[in-house]
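Q: Structure: target_32.cif, mmCIF, C-alpha atoms.
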```
data_entry
#
loop_
_atom_site.group_PDB
_atom_site.id
_atom_site.type_symbol
_atom_site.label_atom_id
_atom_site.label_comp_id
_atom_site.auth_asym_id
_atom_site.auth_seq_id
_atom_site.Cartn_x
_atom_site.Cartn_y
_atom_site.Cartn_z
ATOM 1 C CA SER A 19 18.891 38.453 -29.258
ATOM 2 C CA GLN A 20 19.588 34.735 -29.221
ATOM 3 C CA ILE A 21 16.725 32.362 -29.944
ATOM 4 C CA ASP A 22 16.652 30.412 -26.713
ATOM 5 C CA GLN A 23 12.902 30.190 -26.161
ATOM 6 C CA ALA A 24 10.423 27.676 -27.546
ATOM 7 C CA VAL A 25 7.949 30.380 -28.607
ATOM 8 C CA HIS A 26 8.300 34.127 -29.092
ATOM 9 C CA ALA A 27 5.477 36.368 -30.285
ATOM 10 C CA GLU A 28 5.253 40.075 -30.907
ATOM 11 C CA SER A 29 1.522 40.498 -30.268
ATOM 12 C CA GLU A 30 -0.208 37.365 -28.997
ATOM 13 C CA ILE A 31 0.275 33.809 -27.791
ATOM 14 C CA ASP A 32 -3.049 31.959 -28.001
ATOM 15 C CA LEU A 33 -2.007 28.689 -26.392
ATOM 16 C CA GLY A 34 -5.447 27.305 -25.640
ATOM 17 C CA ASN A 35 -4.928 23.773 -24.336
ATOM 18 C CA GLY A 36 -1.519 23.437 -25.934
ATOM 19 C CA GLU A 37 1.791 23.082 -24.141
ATOM 20 C CA ILE A 38 5.097 24.915 -24.358
ATOM 21 C CA ASP A 39 7.961 22.786 -23.052
ATOM 22 C CA GLY A 40 10.496 25.536 -22.447
ATOM 23 C CA ASP A 41 10.378 29.312 -22.142
ATOM 24 C CA ALA A 42 8.010 31.725 -23.884
ATOM 25 C CA THR A 43 8.404 35.454 -24.510
ATOM 26 C CA LEU A 44 5.904 38.097 -25.590
ATOM 27 C CA ASN A 45 6.626 41.674 -26.691
ATOM 28 C CA GLN A 46 3.230 42.709 -25.378
ATOM 29 C CA SER A 47 1.387 42.979 -22.086
ATOM 30 C CA PHE A 48 0.490 39.895 -20.077
ATOM 31 C CA ASN A 49 -3.004 40.069 -21.541
ATOM 32 C CA GLY A 50 -1.534 38.951 -24.871
ATOM 33 C CA LEU A 51 -1.243 35.438 -23.410
ATOM 34 C CA LYS A 52 -4.387 33.335 -23.749
ATOM 35 C CA ILE A 53 -4.226 29.985 -21.997
ATOM 36 C CA ASN A 54 -6.947 27.496 -21.022
ATOM 37 C CA ASN A 55 -7.114 25.210 -18.003
ATOM 38 C CA ASN A 56 -5.229 22.405 -19.744
ATOM 39 C CA GLY A 57 -2.636 24.655 -21.332
ATOM 40 C CA SER A 58 0.806 25.076 -19.821
ATOM 41 C CA ILE A 59 4.242 26.672 -20.112
ATOM 42 C CA SER A 60 6.873 24.586 -18.326
ATOM 43 C CA GLY A 61 9.528 27.297 -18.240
ATOM 44 C CA ASP A 62 9.581 31.043 -17.706
ATOM 45 C CA PHE A 63 7.093 33.415 -19.291
ATOM 46 C CA GLN A 64 8.413 36.899 -20.027
ATOM 47 C CA PHE A 65 6.180 39.744 -21.145
ATOM 48 C CA TYR A 66 6.595 43.473 -21.756
ATOM 49 C CA ASN A 67 4.910 46.736 -20.833
ATOM 50 C CA ASN A 68 2.654 45.888 -17.961
ATOM 51 C CA ASN A 69 2.707 45.495 -14.216
ATOM 52 C CA MET A 70 2.211 41.993 -12.874
ATOM 53 C CA PRO A 71 -1.500 41.122 -12.987
ATOM 54 C CA PRO A 72 -3.054 41.346 -9.512
ATOM 55 C CA GLY A 73 -2.784 38.146 -7.514
ATOM 56 C CA LEU A 74 -0.672 36.282 -10.073
ATOM 57 C CA GLN A 75 2.076 34.192 -8.521
ATOM 58 C CA ASP A 76 4.806 32.134 -10.132
ATOM 59 C CA GLY A 77 3.456 28.683 -10.934
ATOM 60 C CA GLU A 78 -0.136 29.845 -11.332
ATOM 61 C CA SER A 79 -2.156 29.964 -14.550
ATOM 62 C CA GLY A 80 -0.314 26.996 -16.029
ATOM 63 C CA ILE A 81 3.109 28.662 -15.917
ATOM 64 C CA GLY A 82 5.691 26.397 -14.313
ATOM 65 C CA GLY A 83 8.594 28.822 -14.175
ATOM 66 C CA ASN A 84 8.933 32.480 -13.326
ATOM 67 C CA VAL A 85 6.664 35.222 -14.635
ATOM 68 C CA ILE A 86 8.925 38.102 -15.616
ATOM 69 C CA ASN A 87 8.163 41.659 -16.701
ATOM 70 C CA MET A 88 10.840 42.497 -19.297
ATOM 71 C CA PRO A 89 12.256 46.044 -19.176
ATOM 72 C CA GLU A 90 12.814 46.047 -22.954
ATOM 73 C CA LYS A 91 11.354 44.266 -25.932
ATOM 74 C CA ILE A 92 13.254 41.393 -27.489
ATOM 75 C CA GLU A 93 14.543 42.138 -30.986
ATOM 76 C CA PHE A 94 15.736 39.628 -33.569
ATOM 77 C CA ASP A 95 17.734 40.602 -36.629
ATOM 78 C CA GLU A 96 16.282 39.183 -39.825
ATOM 79 C CA PRO A 97 18.183 37.196 -42.429
ATOM 80 C CA VAL A 98 18.560 38.903 -45.803
ATOM 81 C CA PHE A 99 16.609 37.548 -48.758
ATOM 82 C CA PRO A 100 19.117 37.170 -51.607
ATOM 83 C CA ASP A 101 19.130 39.281 -54.745
ATOM 84 C CA PHE A 102 17.996 37.156 -57.663
ATOM 85 C CA PRO A 103 20.285 37.034 -60.719
ATOM 86 C CA THR A 104 19.392 39.411 -63.527
ATOM 87 C CA ASN A 105 21.801 38.248 -66.227
ATOM 88 C CA PHE A 106 21.081 34.517 -66.494
ATOM 89 C CA MET A 107 20.246 33.215 -69.978
ATOM 90 C CA PRO A 108 16.511 32.497 -70.450
ATOM 91 C CA ILE A 109 15.634 28.919 -71.361
ATOM 92 C CA SER A 110 12.137 27.474 -71.711
ATOM 93 C CA GLU A 111 12.555 24.318 -69.624
ATOM 94 C CA ASN A 112 15.006 21.690 -68.502
ATOM 95 C CA SER A 113 15.803 19.086 -71.114
ATOM 96 C CA GLY A 114 14.096 16.170 -69.419
ATOM 97 C CA LYS A 115 17.404 14.601 -68.448
ATOM 98 C CA GLN A 116 17.181 12.754 -65.152
ATOM 99 C CA GLU A 117 20.763 13.525 -64.139
ATOM 100 C CA LEU A 118 21.938 17.127 -64.113
ATOM 101 C CA PHE A 119 25.313 18.702 -63.425
ATOM 102 C CA PRO A 120 26.231 22.317 -62.612
ATOM 103 C CA SER A 121 26.883 23.055 -66.301
ATOM 104 C CA ASP A 122 23.243 22.136 -67.056
ATOM 105 C CA ILE A 123 21.920 24.619 -64.494
ATOM 106 C CA LYS A 124 24.144 27.543 -63.631
ATOM 107 C CA ASN A 125 23.776 30.789 -65.565
ATOM 108 C CA PHE A 126 20.366 29.721 -66.929
ATOM 109 C CA ARG A 127 16.927 31.018 -65.993
ATOM 110 C CA PHE A 128 14.322 28.351 -66.656
ATOM 111 C CA ASP A 129 10.760 29.329 -67.424
ATOM 112 C CA ASN A 130 9.612 25.943 -66.120
ATOM 113 C CA PHE A 131 11.744 23.458 -64.212
ATOM 114 C CA ASN A 132 10.170 20.044 -63.626
ATOM 115 C CA THR A 133 11.596 16.936 -61.997
ATOM 116 C CA ASN A 134 11.190 13.251 -62.848
ATOM 117 C CA ASN A 135 13.223 11.292 -60.311
ATOM 118 C CA THR A 136 15.845 13.906 -61.041
ATOM 119 C CA VAL A 137 19.368 13.754 -59.631
ATOM 120 C CA ILE A 138 21.294 17.034 -59.352
ATOM 121 C CA HIS A 139 25.022 17.112 -58.648
ATOM 122 C CA VAL A 140 25.802 20.295 -56.711
ATOM 123 C CA GLY A 141 29.517 19.926 -55.999
ATOM 124 C CA ASP A 142 31.002 21.356 -52.826
ATOM 125 C CA GLY A 143 29.582 24.911 -52.882
ATOM 126 C CA GLU A 144 26.283 26.616 -53.642
ATOM 127 C CA LEU A 145 24.577 25.831 -56.946
ATOM 128 C CA ILE A 146 21.849 28.325 -57.910
ATOM 129 C CA LEU A 147 18.912 27.043 -59.940
ATOM 130 C CA HIS A 148 16.881 30.062 -61.097
ATOM 131 C CA ALA A 149 13.376 29.476 -62.477
ATOM 132 C CA ASN A 150 10.047 31.203 -62.908
ATOM 133 C CA ASN A 151 8.068 28.078 -62.009
ATOM 134 C CA VAL A 152 9.287 24.920 -60.288
ATOM 135 C CA ASP A 153 7.519 21.564 -60.010
ATOM 136 C CA LEU A 154 9.322 19.088 -57.753
ATOM 137 C CA SER A 155 6.455 16.605 -57.598
ATOM 138 C CA GLY A 156 8.490 14.172 -59.707
ATOM 139 C CA GLY A 157 11.086 13.832 -56.959
ATOM 140 C CA LEU A 158 14.572 15.263 -56.443
ATOM 141 C CA THR A 159 17.840 13.788 -55.181
ATOM 142 C CA ILE A 160 20.852 15.973 -54.379
ATOM 143 C CA VAL A 161 24.405 14.632 -54.681
ATOM 144 C CA GLY A 162 27.423 16.447 -53.257
ATOM 145 C CA GLU A 163 28.399 18.258 -50.090
ATOM 146 C CA GLY A 164 27.164 21.659 -51.272
ATOM 147 C CA THR A 165 23.718 23.270 -51.294
ATOM 148 C CA LEU A 166 21.167 23.522 -54.091
ATOM 149 C CA SER A 167 19.558 26.974 -53.871
ATOM 150 C CA LEU A 168 16.288 27.221 -55.788
ATOM 151 C CA TYR A 169 15.476 30.815 -56.732
ATOM 152 C CA VAL A 170 11.766 30.707 -57.569
ATOM 153 C CA GLU A 171 10.058 33.737 -59.101
ATOM 154 C CA ASN A 172 6.396 32.712 -59.359
ATOM 155 C CA SER A 173 5.255 29.272 -58.200
ATOM 156 C CA ILE A 174 6.447 25.982 -56.743
ATOM 157 C CA SER A 175 4.745 22.590 -56.450
ATOM 158 C CA LEU A 176 5.861 20.084 -53.808
ATOM 159 C CA GLN A 177 3.018 17.562 -53.703
ATOM 160 C CA ASN A 178 3.497 13.864 -52.896
ATOM 161 C CA ALA A 179 7.189 13.893 -53.738
ATOM 162 C CA GLN A 180 10.444 12.573 -52.353
ATOM 163 C CA ILE A 181 12.515 15.779 -52.259
ATOM 164 C CA ASN A 182 16.037 15.584 -50.822
ATOM 165 C CA ALA A 183 14.646 12.719 -48.770
ATOM 166 C CA ASN A 184 17.967 11.105 -47.828
ATOM 167 C CA ARG A 185 19.960 14.207 -46.936
ATOM 168 C CA SER A 186 20.008 17.023 -44.393
ATOM 169 C CA PRO A 187 17.853 20.127 -44.985
ATOM 170 C CA LYS A 188 21.076 22.137 -45.212
ATOM 171 C CA HIS A 189 21.564 20.770 -48.753
ATOM 172 C CA LEU A 190 18.371 22.363 -50.167
ATOM 173 C CA ALA A 191 17.277 25.997 -49.847
ATOM 174 C CA ILE A 192 14.118 27.298 -51.537
ATOM 175 C CA TYR A 193 13.971 31.085 -51.951
ATOM 176 C CA TYR A 194 10.483 32.090 -53.005
ATOM 177 C CA LYS A 195 9.433 35.457 -54.438
ATOM 178 C CA GLY A 196 5.913 34.435 -55.397
ATOM 179 C CA THR A 197 2.650 35.156 -53.624
ATOM 180 C CA ASN A 198 0.751 31.905 -54.256
ATOM 181 C CA GLU A 199 0.319 29.553 -51.317
ATOM 182 C CA ILE A 200 3.000 26.901 -50.846
ATOM 183 C CA ARG A 201 1.430 23.585 -49.843
ATOM 184 C CA PHE A 202 3.210 20.392 -48.888
ATOM 185 C CA THR A 203 0.639 17.664 -48.386
ATOM 186 C CA GLY A 204 0.103 14.000 -49.144
ATOM 187 C CA ASN A 205 2.642 11.321 -48.300
ATOM 188 C CA GLY A 206 5.859 12.821 -49.586
ATOM 189 C CA THR A 207 9.126 13.748 -47.901
ATOM 190 C CA LEU A 208 10.695 17.213 -48.006
ATOM 191 C CA LYS A 209 13.958 18.149 -46.314
ATOM 192 C CA SER A 210 14.627 21.801 -46.991
ATOM 193 C CA MET A 211 14.600 25.370 -45.817
ATOM 194 C CA ILE A 212 11.846 27.525 -47.331
ATOM 195 C CA PHE A 213 12.455 31.288 -47.311
ATOM 196 C CA ALA A 214 9.567 33.435 -48.591
ATOM 197 C CA GLU A 215 9.939 37.183 -49.068
ATOM 198 C CA ALA A 216 6.543 38.551 -50.137
ATOM 199 C CA ASP A 217 3.750 39.930 -47.996
ATOM 200 C CA ASN A 218 0.648 37.795 -47.413
ATOM 201 C CA VAL A 219 2.317 34.496 -48.328
ATOM 202 C CA GLU A 220 0.747 31.362 -46.852
ATOM 203 C CA ILE A 221 2.732 28.155 -46.273
ATOM 204 C CA THR A 222 0.918 24.986 -45.220
ATOM 205 C CA ILE A 223 2.203 21.594 -44.069
ATOM 206 C CA ALA A 224 -0.755 19.212 -43.856
ATOM 207 C CA GLY A 225 -1.744 15.567 -44.057
ATOM 208 C CA ASN A 226 0.861 12.860 -43.584
ATOM 209 C CA PRO A 227 4.007 14.176 -45.254
ATOM 210 C CA THR A 228 7.431 14.020 -43.682
ATOM 211 C CA PHE A 229 8.789 17.560 -43.434
ATOM 212 C CA GLU A 230 12.219 18.119 -41.984
ATOM 213 C CA GLY A 231 13.480 21.665 -42.238
ATOM 214 C CA HIS A 232 12.772 25.293 -41.593
ATOM 215 C CA ILE A 233 10.365 28.011 -42.698
ATOM 216 C CA ILE A 234 11.359 31.672 -42.851
ATOM 217 C CA ALA A 235 8.836 34.291 -43.967
ATOM 218 C CA THR A 236 9.844 37.913 -43.503
ATOM 219 C CA GLY A 237 6.914 39.646 -45.216
ATOM 220 C CA ASN A 238 3.907 41.254 -43.562
ATOM 221 C CA ASN A 239 0.762 39.261 -42.736
ATOM 222 C CA THR A 240 2.242 35.880 -43.605
ATOM 223 C CA LYS A 241 0.586 32.659 -42.443
ATOM 224 C CA ILE A 242 2.418 29.462 -41.526
ATOM 225 C CA ASN A 243 0.108 26.498 -40.898
ATOM 226 C CA TYR A 244 1.242 23.179 -39.454
ATOM 227 C CA ASN A 245 -1.314 20.392 -39.548
ATOM 228 C CA GLY A 246 1.576 17.965 -39.639
ATOM 229 C CA THR A 247 4.688 18.220 -37.509
ATOM 230 C CA PRO A 248 8.319 18.635 -38.617
ATOM 231 C CA ALA A 249 10.175 15.363 -38.187
ATOM 232 C CA ALA A 250 13.235 16.979 -36.595
ATOM 233 C CA ALA A 251 14.211 20.169 -34.796
ATOM 234 C CA ALA A 252 12.905 23.100 -36.841
ATOM 235 C CA LEU A 253 12.992 26.884 -36.878
ATOM 236 C CA THR A 254 9.872 28.771 -37.905
ATOM 237 C CA PHE A 255 10.705 32.468 -38.229
ATOM 238 C CA ALA A 256 7.799 34.731 -39.227
ATOM 239 C CA PRO A 257 8.144 37.853 -37.066
ATOM 240 C CA LYS A 258 5.344 39.725 -38.886
ATOM 241 C CA GLY A 259 3.077 36.744 -39.444
ATOM 242 C CA THR A 260 0.846 34.182 -37.759
ATOM 243 C CA VAL A 261 2.042 30.658 -36.976
ATOM 244 C CA THR A 262 -0.664 28.078 -36.283
ATOM 245 C CA LEU A 263 -0.218 24.543 -35.004
ATOM 246 C CA GLY A 264 -3.341 22.596 -35.898
ATOM 247 C CA GLY A 265 -5.064 19.842 -33.996
ATOM 248 C CA SER A 266 -3.011 17.103 -35.675
ATOM 249 C CA ALA A 267 0.289 18.952 -35.422
ATOM 250 C CA GLY A 268 1.427 16.820 -32.489
ATOM 251 C CA SER A 269 4.833 17.613 -31.052
ATOM 252 C CA TYR A 270 6.944 20.402 -32.566
ATOM 253 C CA HIS A 271 10.638 20.501 -31.627
ATOM 254 C CA GLY A 272 12.762 23.586 -32.213
ATOM 255 C CA ALA A 273 11.750 27.239 -31.937
ATOM 256 C CA ILE A 274 8.993 29.518 -33.244
ATOM 257 C CA VAL A 275 9.213 33.292 -33.737
ATOM 258 C CA SER A 276 6.031 35.023 -34.894
ATOM 259 C CA ASP A 277 3.808 38.038 -34.511
ATOM 260 C CA ARG A 278 0.933 35.816 -33.400
ATOM 261 C CA PHE A 279 1.111 32.188 -32.311
ATOM 262 C CA ASN A 280 -1.986 29.970 -32.256
ATOM 263 C CA ALA A 281 -2.287 26.429 -30.904
ATOM 264 C CA ASN A 282 -5.396 24.484 -31.905
ATOM 265 C CA GLY A 283 -6.050 21.212 -30.114
ATOM 266 C CA ARG A 284 -3.258 20.122 -27.792
ATOM 267 C CA PRO A 285 0.048 20.449 -29.647
ATOM 268 C CA ILE A 286 3.313 20.558 -27.725
ATOM 269 C CA VAL A 287 6.177 22.920 -28.622
ATOM 270 C CA THR A 288 9.502 21.782 -27.164
ATOM 271 C CA TYR A 289 12.578 23.983 -27.398
ATOM 272 C CA ASP A 290 15.437 22.218 -29.199
ATOM 273 C CA ALA A 291 18.582 24.147 -30.147
ATOM 274 C CA ASP A 292 19.576 21.467 -32.673
ATOM 275 C CA PHE A 293 17.583 23.324 -35.340
ATOM 276 C CA ALA A 294 20.649 25.484 -35.976
ATOM 277 C CA SER A 295 22.723 22.569 -37.275
ATOM 278 C CA THR A 296 20.623 22.002 -40.405
ATOM 279 C CA ILE A 297 19.981 25.548 -41.662
ATOM 280 C CA PRO A 298 21.755 26.342 -44.955
ATOM 281 C CA PRO A 299 24.112 29.340 -44.949
ATOM 282 C CA LEU A 300 22.180 32.614 -45.241
ATOM 283 C CA GLN A 301 23.203 36.138 -46.103
ATOM 284 C CA GLY A 302 23.238 39.186 -43.878
ATOM 285 C CA SER A 303 22.067 39.100 -40.306
ATOM 286 C CA ASP A 304 23.465 36.834 -37.648
ATOM 287 C CA LEU A 305 20.166 37.053 -35.751
ATOM 288 C CA GLY A 306 21.729 39.074 -33.006
ATOM 289 C CA GLN A 307 24.153 36.908 -31.074
ATOM 290 C CA TYR A 308 23.012 33.660 -32.612
ATOM 291 C CA ASN A 309 25.777 33.704 -35.199
ATOM 292 C CA ILE A 310 26.635 30.049 -35.495
ATOM 293 C CA ALA A 311 26.241 28.394 -38.880
ATOM 294 C CA PHE A 312 23.457 30.520 -40.258
ATOM 295 C CA TRP A 313 22.412 34.056 -41.175
ATOM 296 C CA ASN A 314 25.911 34.440 -42.694
#
```
Rewrite the structure of this file - the entire thing - as structure tokens.
A:
Amino acid sequence: SQIDQAVHAESEIDLGNGEIDGDATLNQSFNGLKINNNGSISGDFQFYNNNMPPGLQDGESGIGGNVINMPEKIEFDEPVFPDFPTNFMPISENSGKQELFPSDIKNFRFDNFNTNNTVIHVGDGELILHANNVDLSGGLTIVGEGTLSLYVENSISLQNAQINANRSPKHLAIYYKGTNEIRFTGNGTLKSMIFAEADNVEITIAGNPTFEGHIIATGNNTKINYNGTPAAAALTFAPKGTVTLGGSAGSYHGAIVSDRFNANGRPIVTYDADFASTIPPLQGSDLGQYNIAFWN
């Protein structure tokens, strides 16, 4: 199915006093929606597997559009997490050079890759940087029309850094196999897609950083926490996880797909289809009919 709603959840939408500016869908009974007096959904609310609650009329309970009982659940195809290379040459760490070209990176597997105002030339296609541990806290600039794909086995550090700060998120993709929490906090800038595969992964955006990009987490029981808001239209896709917008999350533009969605405080989620224009090319699924520039 196409992602054309601001929020979709499999099990629960706990909106509290938050707002959804657009449509919302829930693959559960109407009782899976929890909304307080100040909460609202401006568009339609569609739910599954229940008769209309007694006495509920369109426009009541903070729902501005129609209340619709779906005959079938909504299903989204998932993007495919890439296979990591198995034949790259092991190397202990990058040389400390501040300017790197494809020949310095491709076909190597770094044990530790650290940046220090590092510039990476990617060319016109995809350049794979494979590493066990990545520390981007020294800053990273990407040159070229292609995409830098970071294949990270164990851990990644993103704190207080300027990471792809002057380019679109489509030029940086982070594929993460690890299970440690990913935190982006402080006053840095990150423009990237983050795609985590493992179960129980937690990804947190907090403080005053500038995050422009997308978070995909396809494992079970994942947690995506926003205590800061993406600076541009974003996709958060965690169909088996919990997505939480904290009290300082402010206004989120784009779309959210989750198992459970929680709004703390009074955040606003506004549907914005522009998120699709900045997602790097992905393998496998086209997410149902939504087969424009991504999932391919």
Q: Could you state the separation of atom CA of Tyr66 of chain A and atom CA of Glu28 of chain A in Å, given to one decimal place?
A: 9.9 Å
Q: Run through the PyMOL selection byres ((chain A and resi 118-120) around 7) on the given coordinates and return the selected residues as a PyMOL selection string.
A: chain A and resi 115-117+121-124+137-140+145
Q: Can you write out the residues you just picked, keeping C-alpha atoms, as a short mmCIF file (atom, residue, chain, number, x, y, z; two decimals), keeping the file's coordinate frame?
A:
```cif
data_model
loop_
_atom_site.label_atom_id
_atom_site.label_comp_id
_atom_site.auth_asym_id
_atom_site.auth_seq_id
_atom_site.Cartn_x
_atom_site.Cartn_y
_atom_site.Cartn_z
CA LYS A 115 17.40 14.60 -68.45
CA GLN A 116 17.18 12.75 -65.15
CA GLU A 117 20.76 13.52 -64.14
CA SER A 121 26.88 23.06 -66.30
CA ASP A 122 23.24 22.14 -67.06
CA ILE A 123 21.92 24.62 -64.49
CA LYS A 124 24.14 27.54 -63.63
CA VAL A 137 19.37 13.75 -59.63
CA ILE A 138 21.29 17.03 -59.35
CA HIS A 139 25.02 17.11 -58.65
CA VAL A 140 25.80 20.30 -56.71
CA LEU A 145 24.58 25.83 -56.95
#
```
Q: Have a look at A:Ala149, A:Ala273, A:Ala183, A:Leu158 and name the one nearest to Val170 of chain A; count all atoms listed in the file.
A: A:Ala149
Q: Starting from the PyMOL selection byres ((chain A and resi 194) around 12), expand the selection into actual residues of this file and give them as a PyMOL selection string.
A: chain A and resi 99-102+148-152+167-175+191-193+195-200+211-217+219-221+233-237
Q: Please compute the atom CA of Thr133 of chain A-atom CA of Leu176 of chain A distance, one decimal, in Å.
A: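 Separation between atom CA of Thr133 of chain A and atom CA of Leu176 of chain A: 10.5 Å.
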Q: Any idea what's packed within 8 Å of Met88 of chain A, counting only C-alpha atoms, ignoring anything in its chain fewer than 3 positions away? Could you give it as number ranges by chain?
A: A: 64-67, 91
Q: Can you tell me which residues surround segment 128-132 of chain A at a distance of at most 9 Å, considering all atoms listed in the file, apart from same-chain residues fewer than 6 positions away, and format the answer as a list in words?
A: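 Using all atoms listed in the file, the neighbours found are Met107, Pro108, Ile109, Ser110, Glu111, Asn112, Gly114, Leu147, His148, Ala149, Asn150, Asn151, Val152, Asp153, Leu154, Ser155 and Gly156 of chain A.
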Q: Separation of atom CA of Glu37 of chain A and atom CA of Glu230 of chain A, in Å?
A: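 A separation of 21.3 Å between them.
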Q: Please evaluate the PyMOL selection byres ((chain A and resi 277-280) around 10) against the displayed coordinates and give the resulting residues as a PyMOL selection string.
A: chain A and resi 25-34+36+44-45+50-52+238-243+255-264+274-276+281-283
Q: Using C-alpha atoms, can you export the residues from the last selection as a PDB file, in the frame of the given file?
A:
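Wrote it out as selection-v4.pdb, contents follow:
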```pdb
ATOM      1  CA  VAL A  25       7.949  30.380 -28.607  1.00  0.00           C
ATOM      2  CA  HIS A  26       8.300  34.127 -29.092  1.00  0.00           C
ATOM      3  CA  ALA A  27       5.477  36.368 -30.285  1.00  0.00           C
ATOM      4  CA  GLU A  28       5.253  40.075 -30.907  1.00  0.00           C
ATOM      5  CA  SER A  29       1.522  40.498 -30.268  1.00  0.00           C
ATOM      6  CA  GLU A  30      -0.208  37.365 -28.997  1.00  0.00           C
ATOM      7  CA  ILE A  31       0.275  33.809 -27.791  1.00  0.00           C
ATOM      8  CA  ASP A  32      -3.049  31.959 -28.001  1.00  0.00           C
ATOM      9  CA  LEU A  33      -2.007  28.689 -26.392  1.00  0.00           C
ATOM     10  CA  GLY A  34      -5.447  27.305 -25.640  1.00  0.00           C
ATOM     11  CA  GLY A  36      -1.519  23.437 -25.934  1.00  0.00           C
ATOM     12  CA  LEU A  44       5.904  38.097 -25.590  1.00  0.00           C
ATOM     13  CA  ASN A  45       6.626  41.674 -26.691  1.00  0.00           C
ATOM     14  CA  GLY A  50      -1.534  38.951 -24.871  1.00  0.00           C
ATOM     15  CA  LEU A  51      -1.243  35.438 -23.410  1.00  0.00           C
ATOM     16  CA  LYS A  52      -4.387  33.335 -23.749  1.00  0.00           C
ATOM     17  CA  ASN A 238       3.907  41.254 -43.562  1.00  0.00           C
ATOM     18  CA  ASN A 239       0.762  39.261 -42.736  1.00  0.00           C
ATOM     19  CA  THR A 240       2.242  35.880 -43.605  1.00  0.00           C
ATOM     20  CA  LYS A 241       0.586  32.659 -42.443  1.00  0.00           C
ATOM     21  CA  ILE A 242       2.418  29.462 -41.526  1.00  0.00           C
ATOM     22  CA  ASN A 243       0.108  26.498 -40.898  1.00  0.00           C
ATOM     23  CA  PHE A 255      10.705  32.468 -38.229  1.00  0.00           C
ATOM     24  CA  ALA A 256       7.799  34.731 -39.227  1.00  0.00           C
ATOM     25  CA  PRO A 257       8.144  37.853 -37.066  1.00  0.00           C
ATOM     26  CA  LYS A 258       5.344  39.725 -38.886  1.00  0.00           C
ATOM     27  CA  GLY A 259       3.077  36.744 -39.444  1.00  0.00           C
ATOM     28  CA  THR A 260       0.846  34.182 -37.759  1.00  0.00           C
ATOM     29  CA  VAL A 261       2.042  30.658 -36.976  1.00  0.00           C
ATOM     30  CA  THR A 262      -0.664  28.078 -36.283  1.00  0.00           C
ATOM     31  CA  LEU A 263      -0.218  24.543 -35.004  1.00  0.00           C
ATOM     32  CA  GLY A 264      -3.341  22.596 -35.898  1.00  0.00           C
ATOM     33  CA  ILE A 274       8.993  29.518 -33.244  1.00  0.00           C
ATOM     34  CA  VAL A 275       9.213  33.292 -33.737  1.00  0.00           C
ATOM     35  CA  SER A 276       6.031  35.023 -34.894  1.00  0.00           C
ATOM     36  CA  ALA A 281      -2.287  26.429 -30.904  1.00  0.00           C
ATOM     37  CA  ASN A 282      -5.396  24.484 -31.905  1.00  0.00           C
ATOM     38  CA  GLY A 283      -6.050  21.212 -30.114  1.00  0.00           C
TER      39      GLY A 283
END
```
Q: Pick the closest to Ala294 of chain A from A:Asn245, A:Asn135, A:His232, A:Arg127: which is it, counting all atoms listed in the file?
A: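 When distances to Ala294 of chain A are compared using all atoms listed in the file, the smallest one comes from A:His232.
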Q: Pick from A:Arg284, A:Gly231, A:Asn178, A:Ser269: nearest to Thr296 of chain A, with only C-alpha atoms counted?
A: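 Counting only C-alpha atoms, the residue closest to Thr296 of chain A is A:Gly231.
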Q: Could you check the closest approach to Thr165 of chain A for each of A:Ser210, A:Thr288, A:Asn205, A:Gln180 and tell me which residue wins, using only C-alpha atoms?
A: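 Of A:Ser210, A:Thr288, A:Asn205, A:Gln180, the one nearest Thr165 of chain A, counting only C-alpha atoms, is A:Ser210.
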Q: Hey, could you pull the box centre and edge lengths for segment 41-45 of chain A, axis-aligned, 4 Å padding per side, all listed atoms, to one decimal in Å, as AutoDock Vina command-line options?
A:
```
--center_x 8.1 --center_y 35.5 --center_z -24.4 --size_x 12.5 --size_y 20.4 --size_z 12.5
```
Q: Considering all atoms listed in the file, can you say which of A:Gln177, A:Asn218, A:Asn56, A:Asn87 comes closest to Gly206 of chain A?
A: A:Gln177
